[in-house]
Amino acid sequence: MADTRSSITNSFLSAFIITVTIWYTIQSSVENGFTVDYSNRFLATVPKNLPAQTMMLNLSQNTISELQLSDFRNLFKLQLLILSHNLIQELDFSIFQYNEDLEYLDLSHNNLSTLSCHLVASLQYLDLSYNNYTAMPICPEFGKMSKLEHLSLSARRIEKSDFSVLAHLQLDFLFLDLEDLSEYGKLPVFNTKSLWIALPKNREFSILLDLELSVIEHLELSNIQDKQVHDLKTFLSNLKKSGRLLNLTLNNAQCTWEDFTDILQNVWESTIEYFEVSNMGSLEAPNTIPFNYTETSLKALTIKQTTITTFRSDPKHMYTLFSEMNITALTISDAGLIHMLCPLKPTHFTYICFSNNSITDSIFKDCNNLTHLETLILQKNKLQLLTRVSWMTSLMKSLKVMDVSQNSLRYENSEKCHWGKNLINLNLSANRLSDSVFRCLPVNIQVLDLQKNQISSIPKDIIELSHLEELNLASNKLTDLPGCGQFRGLRLLNVERNSGFFQSSEFSQSCQNIKRLKAGHNPFTCSCELRQLINLEKQGFVKFVGWPESYVCSSPGVLEGTLLTDFHISEFVCSTTLQVVVFLMIALVLAAAVSFLCFRYDVPWYLKMIWQWTRVKHRVWKKKPEGMIDNVQFHVFISYSERDSDWVKNVLIPNLEKEDGSVRICQHERNFIAGKSIVENIIDCIEKSYKSIFVLSPNFVQSEWCHYELYFAHHRLFNENADGLILLLLESIPAYIIPARYHKLKALMAKRTYLEWPREKSKHGLFWANLKASINIKLPSSEVMEYL
Ligand SMILES: *[C@@H]1O[C@H](CO)[C@@H](O)[C@H](O)[C@H]1NC(C)=O
C-alpha cells in the first residue's frame, strides 16, 4: 500500500514537474499568453464564459464529472489544458475539435473508462494515467498525431498489439501505469527514448522478462517487489550483451543488500552510464562484500532515500564498496551515512554528494586520492569545525565547488585554515558561523553563500578576497550595509532579512562594482541616513532586487509600512550645514530689515525719548517735592539766545504755558530786576525756578554761554542737582564751534543729556510730553501771587 502511494506520489511528482516545465515553456514562448487558473475551486462543471483568448487553462483539483463540446468550443487559442484530479468519466476527443492549437492535455487522476476517438493533430503531451481504463486507451488517431512526444497511460490489461498504431511514432517519453494490471497478454515493443513503468502489484506478471529495449535510452521502474527483483536481475544480466540503455532509475524496490549489490554488479557490467536507486527501504550491509570492479561504462551512481546500515558488521566494508568505485559521480544522500573512506588509489571522482547524512568532520581527512574532485556536497550533515573542513579540502587540488550548508559549523578566531587552492564556490549557509568566518575563507573564492548564520558585521582586518563576485549574507544579524573594502570585485550582494538599519555611506563609497543588491525584507529606519541608499536605487547603477515591494520602513512609527520609494525627506532636514547657513541668512535679512525700519521711522529717537520720559516720571514719583519747593516761585527758567527768541516765544512758551497760566515761566527779559547785572539776574532766576531750560544752538553757545560759566564754576550744588538743568538742543552744535574753555558745556554735550528738537512734526507730540513731564510740579500759589 505504502509502495503504491509512494509510486503514485512519484509519478505525480514527475508529471507535475513536466507540467510545470511545459507550462513555463509555453508561457515564455507566448509573450502575451492568457492564463486562467481555476484549480481547487470546487467546480462541478467547466465554467462558462471563459475568455476567448485563453491559452492556458488549469481546472485541476475540482469535481468536474462531465465535459461538453460547448465547454471549450470558443477557446480557439487554447494551448494547454489541465483537468487532472477531477471526476470525469467519459472522454470524447471530438470536444477538442475547435481547439486547433491544443498541445498539452492532462486528464490524469480522473475516473475515465470510455474513450471516443477524434484526431487532435496538435497534441504534444497527453496524460491519461491513473484512470479507470481496462484496455489501453489508445485511439488509432494517436498514430496520426505526429507531434506527440509525451504519453502517459494506465490500464488493467495490456496486449502485444496495443501499441502497434504508435509503432511509427518516435515518442520522447512514455509512462505506463500497470499497477492494477489484471490481464496480461504480452508486452508490446515501445518506440520511445524514455520509458517509465509502474510495475504491477500482482507479482505473477513477469513483465520485465518481456521488456525489449530497442531504442530506449532511459528506463525507470517503480514498485519493484521481491519476485520482480529476480526478474530485474535477469533482465539486467541480459542487458550486458546488447542494448543501448544509458540511464536506469529504480524507485521503490523491496530488496536485500545482496540483491542490491547483484543489481549494482549487473549495472556495472552493462552499458548503463547513469544509475539511480531511490526508496529502497533499509539495507543492512554484511561483513564481506564481493564486488568485481572490472571495466565499466558507469559514470554516475545515485542512491537516495535508502538507509544503509551496518549494525552487525564492520562499516569499513560498506564504505570500501563505494570508495573504490572509480567512477565520475557518486551520490549517496538520505542514507544515514556516518563516514566515508578515502579511496586507496587515485580516483576519477569529479562529483561527490553525501547530502542529508550524519557525516562528521573526520571525513576525507588527509585524503590524497581525490585529486580530480571538482564538486563536493556535504549539505545537511554533522560537520562542526570549519578549520577541519578547510584542511580536508587542502589536498583536493581540483575542488572548485563545495556545499557544506546546513551543518553545525563554527570557527574560532585563532585556528589556522587551509583551503584547496582552486575552491571558488563555497556554500556555508545555515551554520553557526559568526564574524570571524571572514578570517577563514579560501583566497580565490568567487561565490560565497553565508546566509542563515550569525554574522553581525564584516571585520575590517581580513585578507583581501579580490575574486569574490557573489556574497550572500541574507538572514544574518547585520545592522548595517557592509562596505566592500576587502572584496572590490563584488558584483552581487544579498543582505536580505537582517537586523538592518542600513546606513550606506561605507557601502556607496567602496562597492562601486556591485550590479545587483538584494536588501529587501529588512527593518529599515527611514531617516536621513537612508537617503544614500534610496539615491543609489534612483541612480540606477545598482539593480535593487525586489524593489520596491520588499523595501519597507519599519520605523519611525509614523512611517511603518511605507515603501522606501514613497519615503521622501528633504536635503534641508538632513544637512546641519545647510540649516546653519539658512538660519544665518534669515537672521541677517531680519536684522537688515529691522535696522532699515528703525532708521526709516526713527525708532531709536522714540526709544530715547520714552526712556527719558520714564526716568523723569520715576524721579518725580520718588522725590517728595514738598521740601524742595520752599523758595521756588517759577516752574521753569528759560534761557536762550536773542537770535532764537522767535522760536522760544512762538513755539516753546506757548506749548509750555497752559491756558490757565498754571505753568509759570521766568524769562530774563520779562522778569529781570532792574539794577542787577545780567548774571545776577540770571542766577536769581535760576534759583527761583524749579527747572532751567537752556535752548542750545550755535547762537547760544557763542553769545550767551559766558553768562553761565561763572555760575556753573561756583555752584557745585548745581552740579550735584543736575536734575534742575534741561538742555534743549534746538540746532545741532558742531564740536568745533564750542570754544575750548567751555569745559562744562563740552562735558554736558558729551553726556548727551539734552533733549533734541525734532524737525519732523510727527515727533513734536512726544517731545512736548517729555518736556512737560520734567517740569511738572505744584508750586505754592500764595508766594507766587505775592511775587507777581
Ligand atoms: C547553499 O545551500 C542552500 C541550502 O542548503 C541553498 O538554498 C542555496 O541556494 C545554496 N547556495 C548556493 C549559492 O548555491
# chains A, B, ... in the order shown; residues from 1 in each chain; ligands from 1
call {"tool": "closest_atom_pairs", "arguments": {"of": "chain A", "to": "ligand 1", "cutoff": "8 Å", "atoms": "only C-alpha atoms and all ligand atoms", "output": "CSV"}}
result
residue,atom,partner,partner_atom_place_in_ligand_line,distance
A:Gln379,CA,ligand 1,5 (O),6.1
A:Lys380,CA,ligand 1,5 (O),7.1
A:Asp403,CA,ligand 1,1 (C),6.4
A:Val404,CA,ligand 1,5 (O),7.7
A:Ser405,CA,ligand 1,5 (O),4.6
A:Gln406,CA,ligand 1,5 (O),5.4
A:Asn425,CA,ligand 1,13 (C),7.5
A:Leu426,CA,ligand 1,13 (C),7.4
A:Asn427,CA,ligand 1,1 (C),4.8
A:Leu428,CA,ligand 1,1 (C),6.8
A:Ser429,CA,ligand 1,1 (C),5.6
A:Ala430,CA,ligand 1,5 (O),6.7
A:Val447,CA,ligand 1,13 (C),6.7
A:Leu448,CA,ligand 1,13 (C),6.6
A:Asp449,CA,ligand 1,13 (C),5.3
A:Asn472,CA,ligand 1,13 (C),7.6
call {"tool": "write_last_selection", "arguments": {"atoms": "N, CA, C and O atoms", "output": "PDB file, in the first residue's frame"}}
result
ATOM      1  N   GLN A 379      26.072  18.789   2.244  1.00  0.00           N
ATOM      2  CA  GLN A 379      24.955  19.541   2.812  1.00  0.00           C
ATOM      3  C   GLN A 379      24.190  18.707   3.841  1.00  0.00           C
ATOM      4  O   GLN A 379      24.020  17.503   3.653  1.00  0.00           O
ATOM      5  N   LYS A 380      23.750  19.328   4.892  1.00  0.00           N
ATOM      6  CA  LYS A 380      22.887  18.700   5.892  1.00  0.00           C
ATOM      7  C   LYS A 380      23.545  17.462   6.501  1.00  0.00           C
ATOM      8  O   LYS A 380      23.062  16.336   6.343  1.00  0.00           O
ATOM      9  N   ASP A 403      29.692  22.431  -1.004  1.00  0.00           N
ATOM     10  CA  ASP A 403      28.487  22.816  -0.275  1.00  0.00           C
ATOM     11  C   ASP A 403      28.501  22.118   1.076  1.00  0.00           C
ATOM     12  O   ASP A 403      28.362  20.899   1.161  1.00  0.00           O
ATOM     13  N   VAL A 404      28.737  22.881   2.122  1.00  0.00           N
ATOM     14  CA  VAL A 404      28.672  22.316   3.476  1.00  0.00           C
ATOM     15  C   VAL A 404      27.586  23.059   4.251  1.00  0.00           C
ATOM     16  O   VAL A 404      27.689  23.278   5.456  1.00  0.00           O
ATOM     17  N   SER A 405      26.538  23.450   3.538  1.00  0.00           N
ATOM     18  CA  SER A 405      25.449  24.168   4.200  1.00  0.00           C
ATOM     19  C   SER A 405      24.660  23.230   5.104  1.00  0.00           C
ATOM     20  O   SER A 405      24.758  22.011   4.997  1.00  0.00           O
ATOM     21  N   GLN A 406      23.911  23.809   5.999  1.00  0.00           N
ATOM     22  CA  GLN A 406      23.054  23.078   6.939  1.00  0.00           C
ATOM     23  C   GLN A 406      23.832  22.062   7.765  1.00  0.00           C
ATOM     24  O   GLN A 406      23.433  20.898   7.897  1.00  0.00           O
ATOM     25  N   ASN A 425      33.737  28.293  -5.168  1.00  0.00           N
ATOM     26  CA  ASN A 425      32.320  28.404  -4.845  1.00  0.00           C
ATOM     27  C   ASN A 425      32.071  27.634  -3.543  1.00  0.00           C
ATOM     28  O   ASN A 425      32.221  26.415  -3.505  1.00  0.00           O
ATOM     29  N   LEU A 426      31.730  28.340  -2.509  1.00  0.00           N
ATOM     30  CA  LEU A 426      31.616  27.704  -1.196  1.00  0.00           C
ATOM     31  C   LEU A 426      30.275  28.059  -0.568  1.00  0.00           C
ATOM     32  O   LEU A 426      29.920  29.231  -0.441  1.00  0.00           O
ATOM     33  N   ASN A 427      29.546  27.048  -0.197  1.00  0.00           N
ATOM     34  CA  ASN A 427      28.253  27.274   0.441  1.00  0.00           C
ATOM     35  C   ASN A 427      28.359  26.943   1.919  1.00  0.00           C
ATOM     36  O   ASN A 427      28.491  25.780   2.306  1.00  0.00           O
ATOM     37  N   LEU A 428      28.325  27.978   2.738  1.00  0.00           N
ATOM     38  CA  LEU A 428      28.437  27.805   4.190  1.00  0.00           C
ATOM     39  C   LEU A 428      27.125  28.204   4.860  1.00  0.00           C
ATOM     40  O   LEU A 428      27.089  28.503   6.045  1.00  0.00           O
ATOM     41  N   SER A 429      26.047  28.201   4.096  1.00  0.00           N
ATOM     42  CA  SER A 429      24.799  28.719   4.668  1.00  0.00           C
ATOM     43  C   SER A 429      24.250  27.803   5.747  1.00  0.00           C
ATOM     44  O   SER A 429      24.581  26.621   5.833  1.00  0.00           O
ATOM     45  N   ALA A 430      23.419  28.361   6.607  1.00  0.00           N
ATOM     46  CA  ALA A 430      22.766  27.632   7.696  1.00  0.00           C
ATOM     47  C   ALA A 430      23.762  26.876   8.558  1.00  0.00           C
ATOM     48  O   ALA A 430      23.680  25.659   8.718  1.00  0.00           O
ATOM     49  N   VAL A 447      32.219  32.760  -5.335  1.00  0.00           N
ATOM     50  CA  VAL A 447      30.822  32.752  -4.907  1.00  0.00           C
ATOM     51  C   VAL A 447      30.770  32.224  -3.483  1.00  0.00           C
ATOM     52  O   VAL A 447      31.235  31.112  -3.213  1.00  0.00           O
ATOM     53  N   LEU A 448      30.246  33.012  -2.579  1.00  0.00           N
ATOM     54  CA  LEU A 448      30.245  32.625  -1.173  1.00  0.00           C
ATOM     55  C   LEU A 448      28.847  32.799  -0.605  1.00  0.00           C
ATOM     56  O   LEU A 448      28.268  33.883  -0.657  1.00  0.00           O
ATOM     57  N   ASP A 449      28.318  31.707  -0.091  1.00  0.00           N
ATOM     58  CA  ASP A 449      26.985  31.762   0.500  1.00  0.00           C
ATOM     59  C   ASP A 449      27.122  31.617   2.012  1.00  0.00           C
ATOM     60  O   ASP A 449      27.520  30.571   2.511  1.00  0.00           O
ATOM     61  N   ASN A 472      26.474  36.154  -0.306  1.00  0.00           N
ATOM     62  CA  ASN A 472      25.118  36.063   0.244  1.00  0.00           C
ATOM     63  C   ASN A 472      25.197  36.125   1.762  1.00  0.00           C
ATOM     64  O   ASN A 472      25.729  35.234   2.412  1.00  0.00           O
TER      65      ASN A 472
END
call {"tool": "residues_around", "arguments": {"residues": "stretch 58-73 of chain A", "least_positions_apart": "3", "cutoff": "7 Å", "atoms": "only C-alpha atoms", "output": "PyMOL selection string"}}
result
chain A and resi 36-46+48+81-90+95-96+98
call {"tool": "write_last_selection", "arguments": {"atoms": "N, CA, C and O atoms", "output": "mmCIF file, in the first residue's frame"}}
result
data_model
loop_
_atom_site.group_PDB
_atom_site.id
_atom_site.type_symbol
_atom_site.label_atom_id
_atom_site.label_comp_id
_atom_site.auth_asym_id
_atom_site.auth_seq_id
_atom_site.Cartn_x
_atom_site.Cartn_y
_atom_site.Cartn_z
ATOM 1 N N VAL A 36 -5.598 31.197 -17.344
ATOM 2 C CA VAL A 36 -6.726 31.182 -16.421
ATOM 3 C C VAL A 36 -6.540 30.014 -15.467
ATOM 4 O O VAL A 36 -6.388 28.874 -15.884
ATOM 5 N N ASP A 37 -6.494 30.305 -14.186
ATOM 6 C CA ASP A 37 -6.275 29.263 -13.193
ATOM 7 C C ASP A 37 -7.517 29.114 -12.325
ATOM 8 O O ASP A 37 -7.837 29.954 -11.506
ATOM 9 N N TYR A 38 -8.264 28.002 -12.555
ATOM 10 C CA TYR A 38 -9.444 27.704 -11.753
ATOM 11 C C TYR A 38 -9.217 26.428 -10.953
ATOM 12 O O TYR A 38 -10.153 25.687 -10.689
ATOM 13 N N SER A 39 -7.959 26.171 -10.580
ATOM 14 C CA SER A 39 -7.710 24.928 -9.855
ATOM 15 C C SER A 39 -8.210 25.046 -8.422
ATOM 16 O O SER A 39 -8.226 26.131 -7.845
ATOM 17 N N ASN A 40 -8.637 23.891 -7.892
ATOM 18 C CA ASN A 40 -9.036 23.847 -6.492
ATOM 19 C C ASN A 40 -10.132 24.842 -6.130
ATOM 20 O O ASN A 40 -10.034 25.583 -5.162
ATOM 21 N N ARG A 41 -11.215 24.870 -6.923
ATOM 22 C CA ARG A 41 -12.300 25.840 -6.667
ATOM 23 C C ARG A 41 -13.647 25.149 -6.453
ATOM 24 O O ARG A 41 -14.680 25.771 -6.586
ATOM 25 N N PHE A 42 -13.634 23.852 -6.234
ATOM 26 C CA PHE A 42 -14.877 23.093 -6.024
ATOM 27 C C PHE A 42 -15.821 23.193 -7.212
ATOM 28 O O PHE A 42 -17.042 23.206 -7.064
ATOM 29 N N LEU A 43 -15.277 23.309 -8.407
ATOM 30 C CA LEU A 43 -16.120 23.442 -9.589
ATOM 31 C C LEU A 43 -16.687 22.078 -9.985
ATOM 32 O O LEU A 43 -15.967 21.094 -10.036
ATOM 33 N N ALA A 44 -17.984 22.036 -10.284
ATOM 34 C CA ALA A 44 -18.605 20.787 -10.713
ATOM 35 C C ALA A 44 -18.704 20.717 -12.226
ATOM 36 O O ALA A 44 -18.880 19.639 -12.794
ATOM 37 N N THR A 45 -18.607 21.860 -12.870
ATOM 38 C CA THR A 45 -18.617 21.891 -14.342
ATOM 39 C C THR A 45 -17.550 22.880 -14.794
ATOM 40 O O THR A 45 -17.077 23.696 -14.009
ATOM 41 N N VAL A 46 -17.239 22.787 -16.066
ATOM 42 C CA VAL A 46 -16.298 23.764 -16.631
ATOM 43 C C VAL A 46 -17.012 25.113 -16.668
ATOM 44 O O VAL A 46 -18.137 25.194 -17.144
ATOM 45 N N LYS A 48 -18.585 28.580 -17.614
ATOM 46 C CA LYS A 48 -18.975 29.173 -18.896
ATOM 47 C C LYS A 48 -18.239 30.505 -19.025
ATOM 48 O O LYS A 48 -17.646 31.003 -18.072
ATOM 49 N N LEU A 81 -4.279 22.549 -21.371
ATOM 50 C CA LEU A 81 -5.480 22.298 -20.576
ATOM 51 C C LEU A 81 -5.176 21.242 -19.522
ATOM 52 O O LEU A 81 -4.767 20.126 -19.836
ATOM 53 N N ILE A 82 -5.361 21.614 -18.274
ATOM 54 C CA ILE A 82 -5.112 20.663 -17.184
ATOM 55 C C ILE A 82 -6.444 20.347 -16.512
ATOM 56 O O ILE A 82 -7.122 21.239 -15.996
ATOM 57 N N LEU A 83 -6.811 19.067 -16.563
ATOM 58 C CA LEU A 83 -8.075 18.634 -15.964
ATOM 59 C C LEU A 83 -7.826 17.515 -14.961
ATOM 60 O O LEU A 83 -8.741 16.769 -14.609
ATOM 61 N N SER A 84 -6.595 17.390 -14.485
ATOM 62 C CA SER A 84 -6.274 16.282 -13.581
ATOM 63 C C SER A 84 -6.972 16.440 -12.233
ATOM 64 O O SER A 84 -7.401 17.529 -11.870
ATOM 65 N N HIS A 85 -7.131 15.306 -11.537
ATOM 66 C CA HIS A 85 -7.776 15.280 -10.227
ATOM 67 C C HIS A 85 -9.183 15.864 -10.278
ATOM 68 O O HIS A 85 -9.523 16.822 -9.598
ATOM 69 N N ASN A 86 -9.988 15.272 -11.169
ATOM 70 C CA ASN A 86 -11.409 15.581 -11.214
ATOM 71 C C ASN A 86 -12.171 14.259 -11.203
ATOM 72 O O ASN A 86 -11.588 13.223 -10.854
ATOM 73 N N LEU A 87 -13.444 14.305 -11.559
ATOM 74 C CA LEU A 87 -14.244 13.071 -11.522
ATOM 75 C C LEU A 87 -14.797 12.730 -12.905
ATOM 76 O O LEU A 87 -15.880 12.154 -13.029
ATOM 77 N N ILE A 88 -14.053 13.073 -13.915
ATOM 78 C CA ILE A 88 -14.537 12.891 -15.291
ATOM 79 C C ILE A 88 -14.587 11.399 -15.640
ATOM 80 O O ILE A 88 -13.664 10.645 -15.335
ATOM 81 N N GLN A 89 -15.696 11.006 -16.247
ATOM 82 C CA GLN A 89 -15.882 9.586 -16.534
ATOM 83 C C GLN A 89 -15.759 9.246 -18.010
ATOM 84 O O GLN A 89 -15.376 8.142 -18.366
ATOM 85 N N GLU A 90 -16.144 10.187 -18.845
ATOM 86 C CA GLU A 90 -16.130 9.893 -20.280
ATOM 87 C C GLU A 90 -15.268 10.900 -21.004
ATOM 88 O O GLU A 90 -15.251 12.076 -20.652
ATOM 89 N N ILE A 95 -14.558 16.813 -28.553
ATOM 90 C CA ILE A 95 -14.877 18.106 -27.925
ATOM 91 C C ILE A 95 -13.728 19.093 -28.096
ATOM 92 O O ILE A 95 -13.876 20.273 -27.847
ATOM 93 N N PHE A 96 -12.579 18.579 -28.513
ATOM 94 C CA PHE A 96 -11.445 19.499 -28.725
ATOM 95 C C PHE A 96 -11.277 19.858 -30.198
ATOM 96 O O PHE A 96 -10.255 20.397 -30.588
ATOM 97 N N TYR A 98 -12.378 22.124 -31.964
ATOM 98 C CA TYR A 98 -12.186 23.541 -32.306
ATOM 99 C C TYR A 98 -10.890 24.109 -31.724
ATOM 100 O O TYR A 98 -10.517 25.235 -32.003
#
call {"tool": "atom_distance", "arguments": {"atom1": "atom CA of A:Ile534", "atom2": "atom CA of A:Thr565"}}
result
7.4 Å
call {"tool": "residues_around", "arguments": {"residues": "A:Ile216", "least_positions_apart": "4", "cutoff": "10 Å", "atoms": "only C-alpha atoms", "output": "number ranges by chain"}}
result
A: 172-173, 190-195, 212, 243-247
call {"tool": "write_last_selection", "arguments": {"atoms": "C-alpha atoms", "output": "PDB file, in the first residue's frame"}}
result
ATOM      1  CA  ASP A 172      10.259  11.039 -26.173  1.00  0.00           C
ATOM      2  CA  PHE A 173       8.543   9.797 -23.095  1.00  0.00           C
ATOM      3  CA  PHE A 190       7.895   0.555 -27.286  1.00  0.00           C
ATOM      4  CA  ASN A 191       9.276   3.123 -29.634  1.00  0.00           C
ATOM      5  CA  THR A 192      10.286   5.729 -27.094  1.00  0.00           C
ATOM      6  CA  LYS A 193      13.517   7.206 -25.737  1.00  0.00           C
ATOM      7  CA  SER A 194      12.334   7.257 -22.149  1.00  0.00           C
ATOM      8  CA  LEU A 195      10.152   4.604 -20.658  1.00  0.00           C
ATOM      9  CA  GLU A 212      12.563  -5.184 -25.129  1.00  0.00           C
ATOM     10  CA  GLY A 243      21.177  -2.691 -25.713  1.00  0.00           C
ATOM     11  CA  ARG A 244      21.721   0.975 -25.656  1.00  0.00           C
ATOM     12  CA  LEU A 245      20.324   1.730 -22.237  1.00  0.00           C
ATOM     13  CA  LEU A 246      22.248   4.617 -20.722  1.00  0.00           C
ATOM     14  CA  ASN A 247      20.108   5.615 -17.848  1.00  0.00           C
TER      15      ASN A 247
END
call {"tool": "residues_around", "arguments": {"residues": "A:Ser313", "least_positions_apart": "2", "cutoff": "7 Å", "atoms": "only C-alpha atoms", "output": "PyMOL selection string"}}
result
chain A and resi 285-287+310-311+315
call {"tool": "select_by_dssp", "arguments": {"residues": "stretch 401-616 of chain A", "states": "strand (DSSP E or B)", "output": "list in words"}}
result
Val401, Met402, Asp403, Arg410, Asn425, Leu426, Asn427, Val447, Leu448, Asp449, Glu470, Leu471, Asn472, Leu492, Leu493, Asn494, Arg516, Leu517, Lys518, Phe524, Thr525, Lys543, Phe544, Val552, Cys553, Ser554, Ser555 and Leu563 of chain A
call {"tool": "residues_around", "arguments": {"residues": "stretch 506-517 of chain A", "least_positions_apart": "3", "cutoff": "9 Å", "atoms": "only C-alpha atoms", "output": "MDAnalysis selection string"}}
result
chainID A and resid 469 481:485 487:495 503 520 532:533 536 541:545
call {"tool": "closest_residue", "arguments": {"among": "A:Ile726, A:Val701, A:Leu652, A:Leu344", "to": "A:Arg741", "atoms": "only C-alpha atoms"}}
result
A:Val701
